[in-house]
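Quick look at structure.txt (compact mmCIF, C-alpha atoms):
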# COMPACT_ATOMS: atom_id res chain seq x y z
CA MET A 1 0.00 0.00 0.00
CA ASP A 2 1.06 3.58 -0.62
CA ASP A 3 2.69 5.35 2.35
CA SER A 4 0.11 8.14 2.04
CA VAL A 5 -2.69 5.59 2.42
CA LEU A 6 -1.08 4.06 5.52
CA ALA A 7 -0.64 7.52 7.05
CA ALA A 8 -4.28 8.44 6.36
CA MET A 9 -5.47 5.17 7.92
CA ALA A 10 -3.50 5.97 11.09
CA LYS A 11 -4.75 9.56 11.23
CA TRP A 12 -8.46 8.74 10.59
CA PRO A 13 -9.08 5.16 11.78
CA ASN A 14 -12.90 5.27 11.88
CA VAL A 15 -13.93 6.34 8.38
CA PRO A 16 -17.08 4.46 7.18
CA GLU A 17 -16.63 1.76 4.56
CA VAL A 18 -18.18 2.11 1.09
CA PHE A 19 -20.21 -0.59 -0.67
CA GLY A 20 -21.78 -0.76 -4.12
CA TRP A 21 -19.83 2.01 -5.87
CA LEU A 22 -16.79 0.26 -7.35
CA SER A 23 -16.83 -2.88 -9.48
CA LEU A 24 -14.44 -5.01 -11.51
CA ASP A 25 -15.69 -6.67 -14.68
CA ALA A 26 -14.58 -9.98 -16.21
CA ARG A 27 -11.99 -8.22 -18.39
CA GLY A 28 -10.34 -6.32 -15.53
CA GLN A 29 -12.07 -2.99 -16.26
CA TRP A 30 -12.76 -0.91 -13.18
CA ARG A 31 -16.19 0.73 -13.04
CA LEU A 32 -17.47 3.46 -10.76
CA ARG A 33 -21.26 3.29 -10.42
CA GLY A 34 -21.35 1.29 -13.66
CA GLU A 35 -19.26 3.70 -15.72
CA PRO A 36 -15.75 2.70 -16.89
CA LEU A 37 -12.86 4.36 -15.08
CA ASN A 38 -10.23 5.50 -17.58
CA HIS A 39 -8.12 8.06 -15.70
CA PRO A 40 -4.59 6.56 -15.71
CA ALA A 41 -3.50 8.03 -12.35
CA MET A 42 -6.72 6.92 -10.63
CA LEU A 43 -6.43 3.41 -12.06
CA ALA A 44 -2.81 3.15 -10.93
CA PHE A 45 -3.74 4.32 -7.43
CA ILE A 46 -6.60 1.80 -7.16
CA GLN A 47 -4.45 -1.06 -8.38
CA ARG A 48 -1.57 -0.28 -6.00
CA ASN A 49 -3.98 -0.26 -3.04
CA TYR A 50 -6.19 -3.22 -4.00
CA THR A 51 -6.43 -6.49 -2.06
CA CYS A 52 -8.89 -8.85 -0.33
CA ASP A 53 -9.78 -9.16 3.33
CA ARG A 54 -10.01 -12.38 5.36
CA GLN A 55 -13.74 -12.62 4.64
CA GLY A 56 -13.07 -12.89 0.90
CA ARG A 57 -14.19 -9.35 0.09
CA ALA A 58 -12.13 -7.45 -2.49
CA TYR A 59 -11.46 -3.82 -1.66
CA PHE A 60 -9.48 -0.73 -2.55
CA GLN A 61 -8.00 1.24 0.34
CA ASN A 62 -8.75 4.87 -0.56
CA GLY A 63 -6.77 6.72 2.09
CA PRO A 64 -8.53 5.96 5.38
CA GLN A 65 -11.63 4.61 3.59
CA ARG A 66 -12.09 1.02 2.49
CA VAL A 67 -14.06 0.80 -0.78
CA TYR A 68 -15.40 -2.71 -1.35
CA VAL A 69 -15.52 -4.04 -4.91
CA THR A 70 -18.38 -5.90 -6.59
CA LEU A 71 -16.93 -8.64 -8.78
CA GLU A 72 -18.40 -9.77 -12.08
CA ALA A 73 -16.17 -12.84 -12.09
CA ALA A 74 -13.22 -12.98 -9.69
CA PRO A 75 -11.04 -10.64 -7.60
CA TYR A 76 -8.28 -10.84 -10.19
CA ILE A 77 -8.23 -11.02 -13.96
CA ALA A 78 -5.31 -12.83 -15.59
CA ARG A 79 -3.91 -11.81 -18.93
CA PHE A 80 -1.62 -13.93 -21.08
CA ARG A 81 0.36 -11.71 -23.41
CA GLN A 82 3.56 -12.42 -25.27
CA GLY A 83 4.09 -15.71 -23.46
CA SER A 84 3.72 -14.48 -19.88
CA TRP A 85 0.95 -14.11 -17.31
CA GLN A 86 0.05 -10.96 -15.42
CA LEU A 87 -2.86 -10.01 -13.19
CA HIS A 88 -4.98 -6.96 -14.05
CA ASP A 89 -3.36 -4.97 -11.24
CA GLY A 90 0.09 -5.48 -12.76
CA GLU A 91 1.26 -8.30 -10.49
CA PRO A 92 3.23 -10.94 -12.45
CA VAL A 93 1.95 -14.49 -12.13
CA HIS A 94 4.84 -16.60 -10.86
CA TRP A 95 2.83 -19.68 -9.94
CA ILE A 96 -0.31 -21.37 -11.28
CA GLY A 97 -1.82 -23.99 -9.00
CA GLY A 98 -4.90 -24.94 -11.00
CA ALA A 99 -6.94 -24.26 -14.12
CA PHE A 100 -10.75 -24.39 -14.16
CA LEU A 101 -13.32 -24.18 -16.94
CA THR A 102 -16.89 -23.23 -16.04
CA PRO A 103 -19.97 -24.51 -17.89
CA ASP A 104 -20.36 -21.12 -19.60
CA GLY A 105 -16.83 -21.39 -21.04
CA SER A 106 -15.02 -19.03 -18.67
CA LEU A 107 -11.50 -20.03 -17.69
CA PHE A 108 -10.02 -19.37 -14.25
CA ILE A 109 -6.63 -20.02 -12.71
CA ASP A 110 -5.30 -20.27 -9.17
CA ALA A 111 -2.60 -17.61 -9.40
CA ASN A 112 0.25 -16.95 -6.99
CA ARG A 113 -0.94 -19.37 -4.33
CA GLY A 114 -4.59 -18.75 -3.76
CA LYS A 115 -5.66 -15.79 -5.90
CA LEU A 116 -8.64 -16.77 -8.04
CA ALA A 117 -8.19 -15.07 -11.40
CA GLY A 118 -10.53 -15.13 -14.37
CA VAL A 119 -8.71 -15.31 -17.69
CA ASP A 120 -9.46 -12.27 -19.87
CA ASP A 121 -11.55 -13.61 -22.75
CA HIS A 122 -9.41 -11.62 -25.21
CA ASP A 123 -6.62 -14.07 -24.38
CA LEU A 124 -8.60 -17.32 -24.56
CA ASP A 125 -7.33 -18.38 -27.99
CA ALA A 126 -3.72 -18.08 -26.84
CA VAL A 127 -4.45 -19.84 -23.54
CA LEU A 128 -6.44 -22.66 -25.17
CA ALA A 129 -3.37 -23.33 -27.32
CA LEU A 130 -1.54 -24.11 -24.03
CA LEU A 131 -3.92 -27.02 -23.25
CA ARG A 132 -2.29 -30.36 -23.94
CA THR A 133 -2.47 -33.98 -22.90
CA ARG A 134 0.05 -35.36 -20.42
CA GLN A 135 2.04 -36.51 -23.49
CA GLY A 136 1.97 -32.99 -24.98
CA GLN A 137 -0.68 -33.49 -27.68
CA PRO A 138 -2.64 -30.27 -28.33
CA LEU A 139 -6.33 -30.00 -27.64
CA ASP A 140 -8.46 -30.82 -30.68
CA GLU A 141 -12.20 -31.12 -31.27
CA ALA A 142 -12.36 -34.85 -30.51
CA GLY A 143 -10.24 -34.38 -27.39
CA TRP A 144 -12.48 -31.54 -26.28
CA ALA A 145 -15.55 -33.79 -26.51
CA ARG A 146 -13.75 -36.54 -24.56
CA TRP A 147 -12.66 -34.02 -21.90
CA LEU A 148 -16.20 -32.68 -21.51
CA ALA A 149 -17.44 -36.26 -21.07
CA GLY A 150 -14.78 -36.87 -18.41
CA GLU A 151 -12.91 -39.36 -20.60
CA ALA A 152 -9.70 -37.38 -21.16
CA GLU A 153 -7.33 -35.19 -19.19
CA TYR A 154 -5.86 -31.94 -20.36
CA PHE A 155 -3.24 -29.79 -18.70
CA LEU A 156 -2.35 -26.13 -18.92
CA HIS A 157 1.26 -26.09 -20.15
CA SER A 158 2.73 -22.67 -19.44
CA PRO A 159 6.50 -22.96 -19.03
CA PRO A 160 8.45 -22.42 -16.91
CA GLN A 161 5.57 -23.54 -14.67
CA PRO A 162 4.80 -27.22 -14.31
CA PRO A 163 1.63 -28.33 -16.12
CA VAL A 164 -1.60 -28.13 -14.11
CA ARG A 165 -4.67 -30.25 -14.77
CA LEU A 166 -7.69 -28.54 -16.29
CA GLU A 167 -10.77 -29.13 -14.13
CA GLN A 168 -14.46 -28.52 -14.71
CA ALA A 169 -15.98 -26.30 -12.03
CA GLY A 170 -18.92 -23.95 -11.61
CA LEU A 171 -18.25 -20.32 -10.75
CA ASP A 172 -20.17 -20.57 -7.46
CA ALA A 173 -18.09 -23.61 -6.47
CA LEU A 174 -14.86 -21.75 -7.29
CA ARG A 175 -15.96 -18.76 -5.25
CA GLU A 176 -16.72 -21.05 -2.33
CA ARG A 177 -13.43 -22.91 -2.69
CA PHE A 178 -11.42 -19.65 -2.75
CA ARG A 179 -13.66 -17.95 -0.16
CA ILE A 180 -14.70 -15.09 -2.47
CA GLN A 181 -17.65 -12.80 -1.81
CA PRO A 182 -18.57 -11.34 -5.21
CA ASP A 183 -20.99 -8.74 -3.83
CA PRO A 184 -19.63 -7.53 -0.48
CA GLN A 185 -22.10 -6.08 2.00
CA ALA A 186 -21.66 -4.20 5.24
CA ASP A 187 -21.43 -6.43 8.29
CA GLN A 188 -24.85 -6.97 9.82

Structure rendered as structure tokens:
Amino acid sequence: MDDSVLAAMAKWPNVPEVFGWLSLDARGQWRLRGEPLNHPAMLAFIQRNYTCDRQGRAYFQNGPQRVYVTLEAAPYIARFRQGSWQLHDGEPVHWIGGAFLTPDGSLFIDANRGKLAGVDDHDLDAVLALLRTRQGQPLDEAGWARWLAGEAEYFLHSPPQPPVRLEQAGLDALRERFRIQPDPQADQ
């Protein structure tokens, strides 16, 4: 977190939290009350001061005020560009612990030891090319049908990382597994 944010938190410790104003869509676009945020300095500030709490609620620490984030998909969005992974907030992905495909065709990864990240759909073609059998055979139409029927295994091959098995999982199940609250509310 920025030093100025930490100083503001110490100076004003009891500022009310904000809910329902800030959201993150499935492509990593920040939105304020539904409208895209495009101001480069504001985006950089949000992303430097963005994290999740122990209850699985994503938030941005705006000085002394915690602004909770409504999530369209996941707290992080992963992008695969020019052969490397990066989260939407600029954090490089150094470790992938799992790959998950939902029934609606969305792909998610377990990034950097426990961060659920939806894969930006702009990158799906490049990422699908990384799916291979244990023997390294690329995914094809027949293999896809066998995988969907549970008759074949495919792995996400993204060197230098070891391959991880592609699993079928619903979004709600992933959110439960990773303890994510997609629509944070004030404590009752």

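Closest approach to Ala152 of chain A among A:Arg132, A:Ile77, A:Val164, A:Ile180: A:Arg132, based on all atoms listed in the file.
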
All residues 8 Å or closer to segment 78-91 of chain A, all atoms listed in the file, same chain fewer than 2 positions away omitted, as a PyMOL selection string: chain A and resi 28+47-48+50+76+93-94+109+117-120+123+126-127

Which residue of A:Ile96, A:Met1, A:Val15, A:Leu43 approaches Pro162 of chain A most closely, using only C-alpha atoms: A:Ile96

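For Gln61 of chain A, the list of residues within 9 Å, based on all atoms listed in the file and with local chain neighbours fewer than 3 positions off taken out, reads Met1, Val5, Met9, Ile46, Asn49, Tyr50, Thr51, Pro64, Gln65, Arg66, Val67 and Tyr68 of chain A.
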
Could you list, as a PyMOL selection string, every residue within 10 Å of His157 of chain A, counting all atoms listed in the file and ignoring same-chain residues fewer than 3 positions away? chain A and resi 127-134+136+138+154+160-165

Restricted to C-alpha atoms, what would the selected residues look like written as a short mmCIF file (atom, residue, chain, number, x, y, z; two decimals), in the coordinates of the input?
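Okay, again24.cif is ready:
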data_model
loop_
_atom_site.label_atom_id
_atom_site.label_comp_id
_atom_site.auth_asym_id
_atom_site.auth_seq_id
_atom_site.Cartn_x
_atom_site.Cartn_y
_atom_site.Cartn_z
CA VAL A 127 -4.45 -19.84 -23.54
CA LEU A 128 -6.44 -22.66 -25.17
CA ALA A 129 -3.37 -23.33 -27.32
CA LEU A 130 -1.54 -24.11 -24.03
CA LEU A 131 -3.92 -27.02 -23.25
CA ARG A 132 -2.29 -30.36 -23.94
CA THR A 133 -2.47 -33.98 -22.90
CA ARG A 134 0.05 -35.36 -20.42
CA GLY A 136 1.97 -32.99 -24.98
CA PRO A 138 -2.64 -30.27 -28.33
CA TYR A 154 -5.86 -31.94 -20.36
CA PRO A 160 8.45 -22.42 -16.91
CA GLN A 161 5.57 -23.54 -14.67
CA PRO A 162 4.80 -27.22 -14.31
CA PRO A 163 1.63 -28.33 -16.12
CA VAL A 164 -1.60 -28.13 -14.11
CA ARG A 165 -4.67 -30.25 -14.77
#

Neighbours of Leu71 of chain A within 6 Å (all atoms listed in the file; same-chain residues fewer than 2 positions away dropped), as an MDAnalysis selection string? chainID A and resid 23:24 73:74 182
